[in-house]
$ cat query.pdb   # PDB, C-alpha atoms
MODEL        1
ATOM      1  CA  MET A   1      36.931 -20.559  -3.286
ATOM      2  CA  ARG A   2      35.373 -22.252  -0.269
ATOM      3  CA  PRO A   3      32.676 -24.924  -0.711
ATOM      4  CA  ILE A   4      29.114 -23.649  -0.915
ATOM      5  CA  ASP A   5      27.060 -24.250   2.234
ATOM      6  CA  LEU A   6      23.606 -25.349   1.127
ATOM      7  CA  HIS A   7      22.114 -23.608   4.169
ATOM      8  CA  MET A   8      23.949 -20.358   3.442
ATOM      9  CA  LYS A   9      21.656 -17.417   2.885
ATOM     10  CA  ARG A  10      21.568 -15.918  -0.594
ATOM     11  CA  ARG A  11      23.086 -12.608   0.463
ATOM     12  CA  GLU A  12      25.951 -14.362   2.285
ATOM     13  CA  PHE A  13      26.639 -16.353  -0.862
ATOM     14  CA  LEU A  14      26.640 -13.233  -3.028
ATOM     15  CA  LEU A  15      29.205 -11.603  -0.768
ATOM     16  CA  THR A  16      31.728 -14.387  -1.340
ATOM     17  CA  GLY A  17      34.201 -14.416  -4.232
ATOM     18  CA  THR A  18      31.461 -15.663  -6.548
ATOM     19  CA  SER A  19      29.304 -12.557  -6.110
ATOM     20  CA  ALA A  20      29.750 -11.151  -9.611
ATOM     21  CA  VAL A  21      28.914 -14.450 -11.301
ATOM     22  CA  SER A  22      26.014 -15.101  -8.933
ATOM     23  CA  ALA A  23      24.486 -11.677  -9.469
ATOM     24  CA  ALA A  24      24.695 -12.105 -13.213
ATOM     25  CA  PHE A  25      23.039 -15.512 -12.958
ATOM     26  CA  LEU A  26      20.190 -14.172 -10.817
ATOM     27  CA  SER A  27      19.626 -11.352 -13.255
ATOM     28  CA  SER A  28      19.553 -13.557 -16.349
ATOM     29  CA  ALA A  29      17.679 -16.479 -14.815
ATOM     30  CA  PHE A  30      14.934 -14.495 -13.107
ATOM     31  CA  GLY A  31      15.085 -11.216 -15.006
ATOM     32  CA  SER A  32      12.173 -12.001 -17.313
ATOM     33  CA  PHE A  33       9.884 -12.050 -14.254
ATOM     34  CA  PHE A  34      11.587 -10.126 -11.471
ATOM     35  CA  ALA A  35      12.365  -6.442 -11.429
ATOM     36  CA  GLY A  36      13.831  -3.838  -9.099
ATOM     37  CA  PRO A  37      12.722  -0.845  -7.030
ATOM     38  CA  ALA A  38      10.867   1.868  -8.946
ATOM     39  CA  SER A  39      13.191   4.631  -7.817
ATOM     40  CA  ALA A  40      16.108   2.750  -9.320
ATOM     41  CA  ALA A  41      14.191   1.442 -12.319
ATOM     42  CA  GLU A  42      13.966   4.891 -13.848
ATOM     43  CA  SER A  43      16.637   6.691 -15.801
ATOM     44  CA  ASP A  44      16.608   9.819 -17.923
ATOM     45  CA  GLU A  45      15.273   7.607 -20.692
ATOM     46  CA  GLY A  46      12.471   6.207 -18.521
ATOM     47  CA  PHE A  47      11.466   2.742 -17.419
ATOM     48  CA  SER A  48      13.606  -0.118 -18.716
ATOM     49  CA  HIS A  49      13.508  -3.874 -18.222
ATOM     50  CA  GLU A  50      17.310  -3.922 -18.452
ATOM     51  CA  LEU A  51      17.572  -1.353 -15.678
ATOM     52  CA  VAL A  52      15.375  -3.328 -13.307
ATOM     53  CA  GLN A  53      17.351  -6.487 -14.029
ATOM     54  CA  LYS A  54      20.479  -4.709 -12.843
ATOM     55  CA  GLN A  55      18.685  -3.434  -9.747
ATOM     56  CA  ALA A  56      17.469  -6.930  -8.895
ATOM     57  CA  ALA A  57      21.058  -8.134  -8.922
ATOM     58  CA  ALA A  58      22.184  -5.134  -6.862
ATOM     59  CA  LEU A  59      19.449  -5.694  -4.269
ATOM     60  CA  ALA A  60      20.736  -9.225  -3.682
ATOM     61  CA  THR A  61      23.987  -7.786  -2.296
ATOM     62  CA  LYS A  62      22.217  -5.710   0.381
ATOM     63  CA  PRO A  63      20.770  -6.750   3.748
ATOM     64  CA  PHE A  64      17.251  -8.127   3.496
ATOM     65  CA  LYS A  65      14.430  -5.846   4.642
ATOM     66  CA  ALA A  66      11.164  -7.544   5.463
ATOM     67  CA  SER A  67       8.836  -4.718   4.460
ATOM     68  CA  VAL A  68       8.826  -1.819   2.023
ATOM     69  CA  ALA A  69       5.351  -0.568   2.984
ATOM     70  CA  PRO A  70       4.808  -0.894   6.758
ATOM     71  CA  ILE A  71       1.250  -1.569   7.943
ATOM     72  CA  ASP A  72      -0.143   0.302  10.927
ATOM     73  CA  GLU A  73      -1.111  -1.944  13.838
ATOM     74  CA  HIS A  74      -4.746  -0.902  13.425
ATOM     75  CA  TRP A  75      -4.945  -2.561  10.000
ATOM     76  CA  ALA A  76      -2.689  -5.465  10.957
ATOM     77  CA  GLY A  77      -4.995  -6.323  13.854
ATOM     78  CA  ILE A  78      -8.355  -6.425  12.072
ATOM     79  CA  THR A  79     -10.376  -9.642  11.959
ATOM     80  CA  TYR A  80     -11.520 -11.717   8.996
ATOM     81  CA  ASP A  81     -14.999 -10.163   9.072
ATOM     82  CA  GLN A  82     -13.551  -6.674   9.247
ATOM     83  CA  TYR A  83     -11.207  -7.363   6.348
ATOM     84  CA  ARG A  84     -14.133  -8.582   4.262
ATOM     85  CA  ASP A  85     -15.787  -5.221   4.916
ATOM     86  CA  ILE A  86     -13.061  -3.478   2.921
ATOM     87  CA  ARG A  87     -14.158  -3.402  -0.707
ATOM     88  CA  VAL A  88     -12.665  -2.176  -3.961
ATOM     89  CA  PRO A  89     -15.355  -0.153  -5.755
ATOM     90  CA  GLU A  90     -15.634  -0.404  -9.519
ATOM     91  CA  THR A  91     -14.952   3.314  -9.750
ATOM     92  CA  ALA A  92     -11.487   2.766  -8.230
ATOM     93  CA  ARG A  93     -10.313   0.270 -10.842
ATOM     94  CA  ILE A  94      -7.197   1.128 -12.800
ATOM     95  CA  TRP A  95      -8.052   1.535 -16.500
ATOM     96  CA  GLY A  96     -11.702   1.140 -15.587
ATOM     97  CA  GLY A  97     -13.022   3.078 -18.533
ATOM     98  CA  PRO A  98     -14.658   1.523 -21.604
ATOM     99  CA  GLY A  99     -12.579  -0.045 -24.313
ATOM    100  CA  MET A 100      -9.740  -1.354 -22.136
ATOM    101  CA  PRO A 101      -9.037  -5.108 -22.363
ATOM    102  CA  PHE A 102      -7.692  -5.300 -18.793
ATOM    103  CA  GLN A 103      -8.547  -3.583 -15.509
ATOM    104  CA  VAL A 104      -6.760  -3.698 -12.151
ATOM    105  CA  ASP A 105      -8.146  -3.809  -8.609
ATOM    106  CA  LEU A 106      -5.671  -2.760  -5.923
ATOM    107  CA  LEU A 107      -6.148  -4.975  -2.863
ATOM    108  CA  PRO A 108      -5.866  -3.745   0.736
ATOM    109  CA  ALA A 109      -3.387  -4.947   3.307
ATOM    110  CA  GLY A 110      -4.466  -6.064   6.781
ATOM    111  CA  PHE A 111      -5.614  -9.225   8.569
ATOM    112  CA  LEU A 112      -3.415 -12.045   7.176
ATOM    113  CA  PHE A 113      -1.726  -9.721   4.679
ATOM    114  CA  LYS A 114       0.735  -7.916   6.926
ATOM    115  CA  GLU A 115       3.328  -7.109   4.256
ATOM    116  CA  GLY A 116       2.555  -4.093   2.125
ATOM    117  CA  VAL A 117       3.765  -3.951  -1.461
ATOM    118  CA  ARG A 118       4.445  -1.158  -3.909
ATOM    119  CA  VAL A 119       2.490  -1.071  -7.152
ATOM    120  CA  ASN A 120       3.608   0.992 -10.140
ATOM    121  CA  LEU A 121       2.037   1.696 -13.507
ATOM    122  CA  VAL A 122       4.145   1.895 -16.642
ATOM    123  CA  GLU A 123       2.698   4.244 -19.233
ATOM    124  CA  ASP A 124       4.453   5.875 -22.174
ATOM    125  CA  GLY A 125       7.732   4.382 -21.028
ATOM    126  CA  LYS A 126       7.549   5.940 -17.548
ATOM    127  CA  ALA A 127       6.942   4.152 -14.235
ATOM    128  CA  SER A 128       4.976   5.872 -11.479
ATOM    129  CA  GLU A 129       4.067   4.492  -8.063
ATOM    130  CA  ILE A 130       0.414   4.401  -7.030
ATOM    131  CA  VAL A 131       0.162   6.087  -3.625
ATOM    132  CA  PRO A 132      -2.197   4.269  -1.230
ATOM    133  CA  THR A 133      -5.145   6.418  -0.163
ATOM    134  CA  LEU A 134      -8.265   5.495   1.775
ATOM    135  CA  ASP A 135     -10.545   6.680  -1.013
ATOM    136  CA  ARG A 136      -9.476   3.709  -3.121
ATOM    137  CA  PHE A 137     -11.643   1.517  -0.861
ATOM    138  CA  THR A 138     -15.092   1.481   0.686
ATOM    139  CA  PHE A 139     -15.586   0.390   4.292
ATOM    140  CA  GLY A 140     -18.535  -1.457   5.803
ATOM    141  CA  PRO A 141     -20.005  -1.088   9.311
ATOM    142  CA  ASN A 142     -17.749  -3.747  10.875
ATOM    143  CA  ILE A 143     -14.613  -1.672  10.610
ATOM    144  CA  THR A 144     -13.449   1.646  12.049
ATOM    145  CA  VAL A 145     -11.449   3.838   9.706
ATOM    146  CA  PRO A 146      -8.917   5.991  11.575
ATOM    147  CA  GLU A 147      -8.118   9.382  10.099
ATOM    148  CA  GLY A 148      -4.688   9.958   8.679
ATOM    149  CA  ILE A 149      -3.570   6.314   8.691
ATOM    150  CA  ALA A 150      -2.915   5.001   5.199
ATOM    151  CA  LEU A 151      -3.894   1.506   4.136
ATOM    152  CA  PRO A 152      -1.098  -0.028   2.020
ATOM    153  CA  PHE A 153      -1.714  -2.426  -0.829
ATOM    154  CA  SER A 154      -1.251  -6.167  -0.335
ATOM    155  CA  GLY A 155      -1.376  -6.966  -4.044
ATOM    156  CA  PHE A 156      -3.734  -6.650  -6.959
ATOM    157  CA  ARG A 157      -6.311  -8.402  -9.107
ATOM    158  CA  ILE A 158      -6.350  -8.249 -12.908
ATOM    159  CA  ARG A 159      -9.694  -8.435 -14.678
ATOM    160  CA  THR A 160     -10.429  -9.224 -18.325
ATOM    161  CA  PRO A 161     -13.394 -10.721 -20.224
ATOM    162  CA  ILE A 162     -13.112 -14.509 -19.940
ATOM    163  CA  ASN A 163     -16.594 -15.991 -20.065
ATOM    164  CA  THR A 164     -18.683 -13.054 -21.336
ATOM    165  CA  PRO A 165     -17.442 -10.272 -23.634
ATOM    166  CA  ASP A 166     -18.937  -7.445 -21.564
ATOM    167  CA  VAL A 167     -18.035  -8.768 -18.088
ATOM    168  CA  MET A 168     -14.625  -8.081 -16.549
ATOM    169  CA  ASP A 169     -13.911 -11.391 -14.819
ATOM    170  CA  GLU A 170     -11.134 -11.997 -12.329
ATOM    171  CA  ALA A 171      -8.225 -13.511 -14.241
ATOM    172  CA  ILE A 172      -5.219 -13.483 -11.910
ATOM    173  CA  VAL A 173      -4.450 -12.336  -8.360
ATOM    174  CA  PHE A 174      -1.084 -11.562  -6.781
ATOM    175  CA  GLN A 175      -1.506 -11.299  -2.999
ATOM    176  CA  GLY A 176       0.409 -12.427   0.066
ATOM    177  CA  ALA A 177       4.055 -13.545   0.271
ATOM    178  CA  SER A 178       4.933 -15.021  -3.144
ATOM    179  CA  TYR A 179       1.455 -16.401  -3.803
ATOM    180  CA  PHE A 180      -0.544 -15.895  -6.972
ATOM    181  CA  ARG A 181      -3.400 -17.693  -8.689
ATOM    182  CA  ALA A 182      -5.085 -17.576 -12.074
ATOM    183  CA  VAL A 183      -8.311 -18.890 -13.541
ATOM    184  CA  GLY A 184      -9.421 -19.822 -17.046
ATOM    185  CA  LYS A 185     -12.684 -19.844 -18.975
ATOM    186  CA  ASN A 186     -15.535 -21.754 -17.310
ATOM    187  CA  LEU A 187     -13.272 -22.658 -14.382
ATOM    188  CA  HIS A 188     -13.036 -21.776 -10.703
ATOM    189  CA  TYR A 189      -9.967 -20.816  -8.722
ATOM    190  CA  GLY A 190      -7.921 -23.755  -7.498
ATOM    191  CA  LEU A 191      -4.843 -23.781  -5.312
ATOM    192  CA  SER A 192      -2.496 -20.815  -5.297
ATOM    193  CA  ALA A 193       0.922 -21.074  -6.891
ATOM    194  CA  ARG A 194       4.129 -19.571  -5.515
ATOM    195  CA  GLY A 195       6.760 -17.542  -7.260
ATOM    196  CA  LEU A 196       9.425 -19.398  -5.275
ATOM    197  CA  ALA A 197       9.393 -22.108  -2.602
ATOM    198  CA  LEU A 198      12.386 -22.456  -0.276
ATOM    199  CA  LYS A 199      13.257 -25.035   2.402
ATOM    200  CA  THR A 200       9.881 -26.758   2.121
ATOM    201  CA  ALA A 201      11.119 -29.853   3.985
ATOM    202  CA  ASP A 202      13.849 -28.237   6.062
ATOM    203  CA  MET A 203      13.969 -29.109   9.758
ATOM    204  CA  ASP A 204      14.618 -25.447  10.574
ATOM    205  CA  GLY A 205      11.356 -24.445   8.932
ATOM    206  CA  GLU A 206      10.263 -23.200   5.551
ATOM    207  CA  GLU A 207      11.267 -19.802   4.215
ATOM    208  CA  PHE A 208       8.599 -17.680   2.532
ATOM    209  CA  PRO A 209       9.855 -15.216  -0.084
ATOM    210  CA  ILE A 210       7.732 -12.126  -0.637
ATOM    211  CA  PHE A 211       6.723 -10.033  -3.610
ATOM    212  CA  ARG A 212       7.937  -6.550  -2.742
ATOM    213  CA  GLU A 213       7.040  -4.475  -5.770
ATOM    214  CA  PHE A 214       5.168  -4.677  -9.059
ATOM    215  CA  TRP A 215       5.178  -2.765 -12.331
ATOM    216  CA  ILE A 216       2.114  -3.192 -14.542
ATOM    217  CA  GLU A 217       2.390  -2.042 -18.141
ATOM    218  CA  ARG A 218      -0.620  -0.235 -19.557
ATOM    219  CA  PRO A 219      -2.185  -2.404 -22.283
ATOM    220  CA  GLN A 220      -3.412  -1.106 -25.611
ATOM    221  CA  PRO A 221      -7.129  -1.461 -26.469
ATOM    222  CA  SER A 222      -6.364  -4.286 -28.914
ATOM    223  CA  ASP A 223      -4.021  -6.237 -26.597
ATOM    224  CA  THR A 224      -4.801  -9.787 -25.534
ATOM    225  CA  THR A 225      -1.910  -9.957 -23.050
ATOM    226  CA  ILE A 226      -0.718  -7.790 -20.182
ATOM    227  CA  VAL A 227       2.866  -7.463 -18.911
ATOM    228  CA  VAL A 228       3.701  -7.438 -15.192
ATOM    229  CA  HIS A 229       7.195  -7.030 -13.763
ATOM    230  CA  ALA A 230       7.678  -8.133 -10.161
ATOM    231  CA  LEU A 231      10.390  -8.151  -7.539
ATOM    232  CA  LEU A 232      10.497 -11.287  -5.420
ATOM    233  CA  ASP A 233      12.825 -11.103  -2.437
ATOM    234  CA  SER A 234      13.917 -13.325   0.430
ATOM    235  CA  GLU A 235      16.620 -13.771   3.017
TER     236      GLU A 235
ENDMDL
END

$ encode --input "query.pdb" --output "structure tokens"
Amino acid sequence: MRPIDLHMKRREFLLTGTSAVSAAFLSSAFGSFFAGPASAAESDEGFSHELVQKQAAALATKPFKASVAPIDEHWAGITYDQYRDIRVPETARIWGGPGMPFQVDLLPAGFLFKEGVRVNLVEDGKASEIVPTLDRFTFGPNITVPEGIALPFSGFRIRTPINTPDVMDEAIVFQGASYFRAVGKNLHYGLSARGLALKTADMDGEEFPIFREFWIERPQPSDTTIVVHALLDSE
């Protein structure tokens, strides 16, 4: 076995003689947080954490693809003010009805968020992808909405009562590259965290892994926690 080059890309490393061991390590080390593509995360028995662990390891052996949900140049080119004019109405929230402990806002791509992501819901043991449609958003006067051009998701926001029992506060946001941030009771958002940081002091430049896909499990009315599976990928 040849020595490991510290600058070797992950997929190059997995294709060496250590690939089987490496894939198993990636699956076990990151499997509790990272998952695989929805199409491969389903079997005849339905959605399974074990299945997505295997798909995460399998994905590491394939060439890296930068985007799974391409963004049309119209949305990629909008300004900050135009992006702010895209809103998520309360009526478009996932699980927005009464009695649910958590609700989900799907966030639009565009402006700085040029990588679309896939978002799936897991209900009754089955995973289904949420198809982006324009009617999930409202648009202000600063932005032109072209017909027939979908607006992918850039991430999502989870809401739950934090400070007041009858107010669905923002609790955590996953949006952009591998960034996410959370907030607690009587606090304000601070700096964003990252799912993975690579080459932060490398002379060749930092590498920014991306969240590609998410699976959000439907909570029960009495739940105080919510489960999210995510696929984080990088060169």

$ closest_residue --input "query.pdb" --among "A:Lys54, A:Arg84, A:His49, A:His74" --to "Glu147 in chain A" --atoms "all atoms listed in the file"
A:His74

$ closest_residue --input "query.pdb" --among "A:Val173, A:Ile226, A:Ile78, A:Met168" --to "Pro98 in chain A" --atoms "all atoms listed in the file"
A:Met168

$ closest_residue --input "query.pdb" --among "A:Ala177, A:Leu151, A:Ile143, A:Val119" --to "Glu207 in chain A" --atoms "all atoms listed in the file"
A:Ala177

$ closest_residue --input "query.pdb" --among "A:Phe180, A:Trp95, A:Phe153, A:Tyr189" --to "Lys114 in chain A" --atoms "all atoms listed in the file"
A:Phe153

$ residues_near_point --input "query.pdb" --point "(-3.3, -19.9, -6.5)" --cutoff "12 Å" --atoms "only C-alpha atoms" --output "PyMOL selection string"
chain A and resi 171-183+188-195

$ atom_distance --input "query.pdb" --atom1 "CA of Phe47 in chain A" --atom2 "CA of Ala66 in chain A"
25.1 Å

$ closest_residue --input "query.pdb" --among "A:Ile216, A:Leu231, A:Ile158, A:Leu59" --to "Gly96 in chain A" --atoms "only C-alpha atoms"
A:Ile158

$ closest_residue --input "query.pdb" --among "A:Gln103, A:Ser154, A:Thr144, A:Thr91" --to "Glu115 in chain A" --atoms "only C-alpha atoms"
A:Ser154

$ atom_distance --input "query.pdb" --atom1 "CA of Asn142 in chain A" --atom2 "CA of Asp105 in chain A"
21.7 Å
